Amino acid sequence: MKTWFHQWGSAPYFYGRASRWIPWLSLLALGTIAYGLVGGLVLAPVDYQQGQGYRIIFVHVPSAWMSMFIYTSMAFAAAIALIWRMKIAEVYISAAAPIGASFTFLALLTGSLWGKPMWGTYWVWDARLTSELILLFLYLGVIGLYSAIEDKRSAARAASVLALVGVVNIPIIHYSVEWWHTLHQGATITKFDKPSMDTAMLWPLLSMALGFTFYFGALVLVRMRVGLLQRERYSRWVSDMLNSGGSAS
Amino acid sequence: MRKAFFALLGRDFTLAIRRPGEIVDAWMFFILIVCLFPLGTNPDDGLLTAFAPAIIWIAALLSTLLSLDRIFKSDFLDGSLEQLLLSPQPVAILVFAKVLVHWVSSGLLLILISPLMAIFLGLPTEAIPVLMLSLLLGTPVLSLVGAIAVALTVGLRGAGLLLPLLLLPLYTPVLIFGSHAVQAAATGMSAVGPLYLLGAILLLAVTLAPLAIAASLRISVE
């Protein structure tokens with residue numbers, strides 16, 4: 001366990017492993033997303049209430065899951081970065097934040113596109129929508145702080161503190177918004193709750209979620225490789241690798 | 001430890017009093033924002049009263065944001081912040097003194113002027129004690145959480161533009177509970193629930209924020 005931790009903390013080792021993993025993760029993402037899209041957009045039956053419009057959930061729900069998953073993973077990485085000063089964890093935060101923000105934006109966008117035909121409006125100040133919007137602002141704050149500090153080492157550590165402060169706040173924000181909503185106005189729109197999902201819809205949805213995760217994994221590794229190279233550009237292993245023209249270790 | 005805390009408290013209070021302009025600026029900003037709303041709407045149709053809790057709370061948020069910059073700025077520029085971090089005393093306790101001074105010179109003043117603002121906006125008089133109580137519980141949270149972001153950006157040029165982006169999302173729970181308590185009181189409902197929640201947030205902020213501020217200062221100054 002301990003050697004494992006140290007191995008992954010070493011930049012050349014991580015770089016080499018990431019290079020080997022990226023093609024596999026991309027392949028897995030391609031396969032699961034392809035199955036999810038075909039299964040969700042073609043094979044799954046039409047919803048008897050919502051018609052064809054419901055099919056946007058095959059993108060919407062996985063994006064919303066990813067937006068929360070990525071922020072949580074960033075908070076874990078932030079704790080690791082602050083406690084053990086692990087370089088890889090620092091690079092992870094800056095690499096993952098823009099992807100997480102994009103997924104959050106995608107979730108909001110698809111949600112409002114779905115809302116127009118179903119609810120009759122693009123936007124309601126519903127608890128979930130509002131907390132997702134604030135999550136987007138939290139992502140943008142992390143990105144903004146990271147890019148504002150020139151020394152990338154301390155930028156990553158500052159962004160870590162902000163990510164941790166944000167993660168403490170997320171439950172408070174979520175419950176405050178939910179509570180505010182229930183008091184503020186009666187339930188104008190009931191959230192669509194299905195008794196149980198048909199398996200013909202469930203499998204493509206889960207496959208899409210898995211595919212988004214693989215896609216995120218591949219993308220974040222690509223971004224982390226770039227981040228590592230930028231940060232370590234004066235170190236021995238980078239110049240060795242560039243001179244030999246191959247991949248590291 | 002106690003001695004260091006009170007020494008710093010005394011020093012910062014003296015500094016704050018010697019520079020009254022900075023305090024008054026943020027205070028006037030609060031008053032002006034509240035006064036601009038009646039000018040921007042029709043003051044007779046009752047909407048102003050309905051929005052009064054939100055207006056006062058948002059003005060408090062913005063005014064705090066404006067005054068936050070001074071918590072660590074001058075200490076950072078003249079190097080005494082570094083001395084503070086090098087001192088054998090726990091940094092979290094010391095920064096708590098600084099935040100306390102900031103709150104007295106910003107939040108407390110807002111509370112004192114808030115009854116007048118409530119009258120300007122036509123808030124019923126029964127709601128005024130609740131307004132003051134909600135500000136009393138909420139503005140220290142604004143100072144504490146704000147100090148984390150200020151500590152993270154203290155060495156940066158252009159930090160003033162970054163602060164709202166970092167802080168306003170974090171301020172949303174305080175805004176919701178604060179203005180909601182006032183709204184409940186103004187419409188004759190019980191404001192106890194939101195006030196308790198504000199108190200809970202305050203307790204959480206008092207216990208955790210000083211540690212985060214200390215960690216952030218170490219990152220910024222190192």
# chains A, B, ... in the order shown; residues from 1 in each chain; ligands from 1
call {"tool": "closest_atom_pairs", "arguments": {"of": "chain B", "to": "chain A", "cutoff": "9 Å", "atoms": "only C-alpha atoms", "output": "Markdown table"}}
result
| residue | atom | partner | partner_atom | distance |
| --- | --- | --- | --- | --- |
| B:Val145 | CA | A:Val165 | CA | 8.8 |
| B:Ile148 | CA | A:Leu162 | CA | 8.4 |
| B:Ala149 | CA | A:Leu162 | CA | 7.7 |
| B:Leu152 | CA | A:Ala158 | CA | 6.0 |
| B:Thr153 | CA | A:Leu145 | CA | 7.8 |
| B:Gly155 | CA | A:Ile149 | CA | 8.7 |
| B:Leu156 | CA | A:Ile149 | CA | 6.9 |
| B:Arg157 | CA | A:Ala148 | CA | 8.5 |
| B:Gly158 | CA | A:Ala148 | CA | 8.5 |
| B:Ala159 | CA | A:Ala148 | CA | 8.3 |
| B:Leu162 | CA | A:Gly144 | CA | 7.1 |
| B:Leu163 | CA | A:Gly141 | CA | 8.9 |
| B:Leu165 | CA | A:Gly141 | CA | 5.7 |
| B:Leu166 | CA | A:Gly141 | CA | 4.8 |
| B:Leu167 | CA | A:Gly141 | CA | 8.3 |
| B:Leu168 | CA | A:Phe137 | CA | 8.8 |
| B:Pro169 | CA | A:Ile134 | CA | 5.9 |
| B:Leu170 | CA | A:Asn169 | CA | 6.7 |
| B:Tyr171 | CA | A:Ile173 | CA | 8.9 |
| B:Thr172 | CA | A:Ile173 | CA | 6.8 |
| B:Pro173 | CA | A:Ile173 | CA | 5.4 |
| B:Val174 | CA | A:Ser176 | CA | 8.7 |
| B:Ile176 | CA | A:Trp180 | CA | 6.8 |
| B:Phe177 | CA | A:Ser176 | CA | 7.2 |
| B:His180 | CA | A:Trp180 | CA | 7.7 |
| B:Ile201 | CA | A:Ile172 | CA | 8.5 |
| B:Ala209 | CA | A:Val165 | CA | 8.8 |
| B:Ala212 | CA | A:Val161 | CA | 7.3 |
| B:Ala215 | CA | A:Val161 | CA | 8.0 |
| B:Ser216 | CA | A:Ala158 | CA | 6.6 |
| B:Ile219 | CA | A:Ser154 | CA | 6.1 |
| B:Ser220 | CA | A:Ser154 | CA | 7.1 |
| B:Glu222 | CA | A:Ser154 | CA | 8.4 |
call {"tool": "residues_around", "arguments": {"residues": "Glu126 of chain B", "least_positions_apart": "6", "cutoff": "10 Å", "atoms": "only C-alpha atoms", "output": "list in words"}}
result
Val182, Ala185, Ala186, Thr187 and Gly188 of chain B
call {"tool": "write_last_selection", "arguments": {"atoms": "C-alpha atoms", "output": "compact mmCIF listing (two decimals), in the first residue's frame"}}
result
# COMPACT_ATOMS: atom_id res chain seq x y z
CA VAL B 182 -36.91 38.72 8.11
CA ALA B 185 -41.24 38.07 10.67
CA ALA B 186 -42.60 40.69 8.28
CA THR B 187 -45.51 38.47 7.30
CA GLY B 188 -46.28 37.54 10.89
call {"tool": "atom_distance", "arguments": {"atom1": "atom CA of Phe30 of chain B", "atom2": "atom CA of Tyr196 of chain B"}}
result
25.4 Å
call {"tool": "select_by_dssp", "arguments": {"residues": "segment 89-221 of chain A", "states": "alpha helix (DSSP H)", "output": "NGL selection string"}}
result
:A and (89-119 or 127-148 or 152-184 or 199-221)
call {"tool": "closest_residue", "arguments": {"among": "A:Ser94, A:Ser239, A:Ala75, A:Trp119", "to": "Gln50 of chain A", "atoms": "only C-alpha atoms"}}
result
A:Trp119
call {"tool": "residues_around", "arguments": {"residues": "Ala11 of chain A", "least_positions_apart": "4", "cutoff": "12 Å", "atoms": "only C-alpha atoms", "output": "VMD selection string"}}
result
chain A and resid 6 to 7 15 to 18 86 to 91 224 to 233 235 to 238 248 to 249
call {"tool": "residues_around", "arguments": {"residues": "Ile58 of chain B", "least_positions_apart": "2", "cutoff": "12 Å", "atoms": "only C-alpha atoms", "output": "number ranges by chain"}}
result
B: 29-31, 33-34, 37, 51-56, 60-65, 110, 135, 138-139, 142, 168, 171-172, 174-176, 178-179
call {"tool": "atom_distance", "arguments": {"atom1": "atom CA of Ser112 of chain A", "atom2": "atom CA of Tyr215 of chain A"}}
result
23.6 Å
call {"tool": "atom_distance", "arguments": {"atom1": "atom CA of Leu84 of chain B", "atom2": "atom CA of Pro140 of chain B"}}
result
22.3 Å
call {"tool": "residues_around", "arguments": {"residues": "Ala4 of chain B", "least_positions_apart": "3", "cutoff": "10 Å", "atoms": "only C-alpha atoms", "output": "PyMOL selection string"}}
result
chain B and resi 1+7-10+87-90+93-94+97
call {"tool": "write_last_selection", "arguments": {"atoms": "C-alpha atoms", "output": "compact mmCIF listing (two decimals), in the first residue's frame"}}
result
# COMPACT_ATOMS: atom_id res chain seq x y z
CA MET B 1 -1.88 32.70 24.09
CA ALA B 7 -2.54 42.31 22.20
CA LEU B 8 -3.37 41.76 18.56
CA LEU B 9 -6.99 42.66 19.17
CA GLY B 10 -5.95 45.96 20.78
CA SER B 87 5.15 33.58 16.01
CA PRO B 88 4.89 30.62 18.42
CA GLN B 89 1.21 31.36 19.04
CA PRO B 90 -1.42 29.33 17.17
CA ILE B 93 -6.35 32.17 17.33
CA LEU B 94 -4.50 35.22 16.06
CA ALA B 97 -8.73 38.40 16.52
call {"tool": "closest_atom_pairs", "arguments": {"of": "segment 21-109 of chain A", "to": "segment 208-212 of chain A", "cutoff": "6 Å", "atoms": "only C-alpha atoms", "output": "CSV"}}
result
residue,atom,partner,partner_atom,distance
A:Ala29,CA,A:Gly211,CA,4.4
A:Thr32,CA,A:Gly211,CA,4.8
A:Ile33,CA,A:Gly211,CA,4.9
A:Gly36,CA,A:Met208,CA,4.9
A:Pro62,CA,A:Ala209,CA,4.7
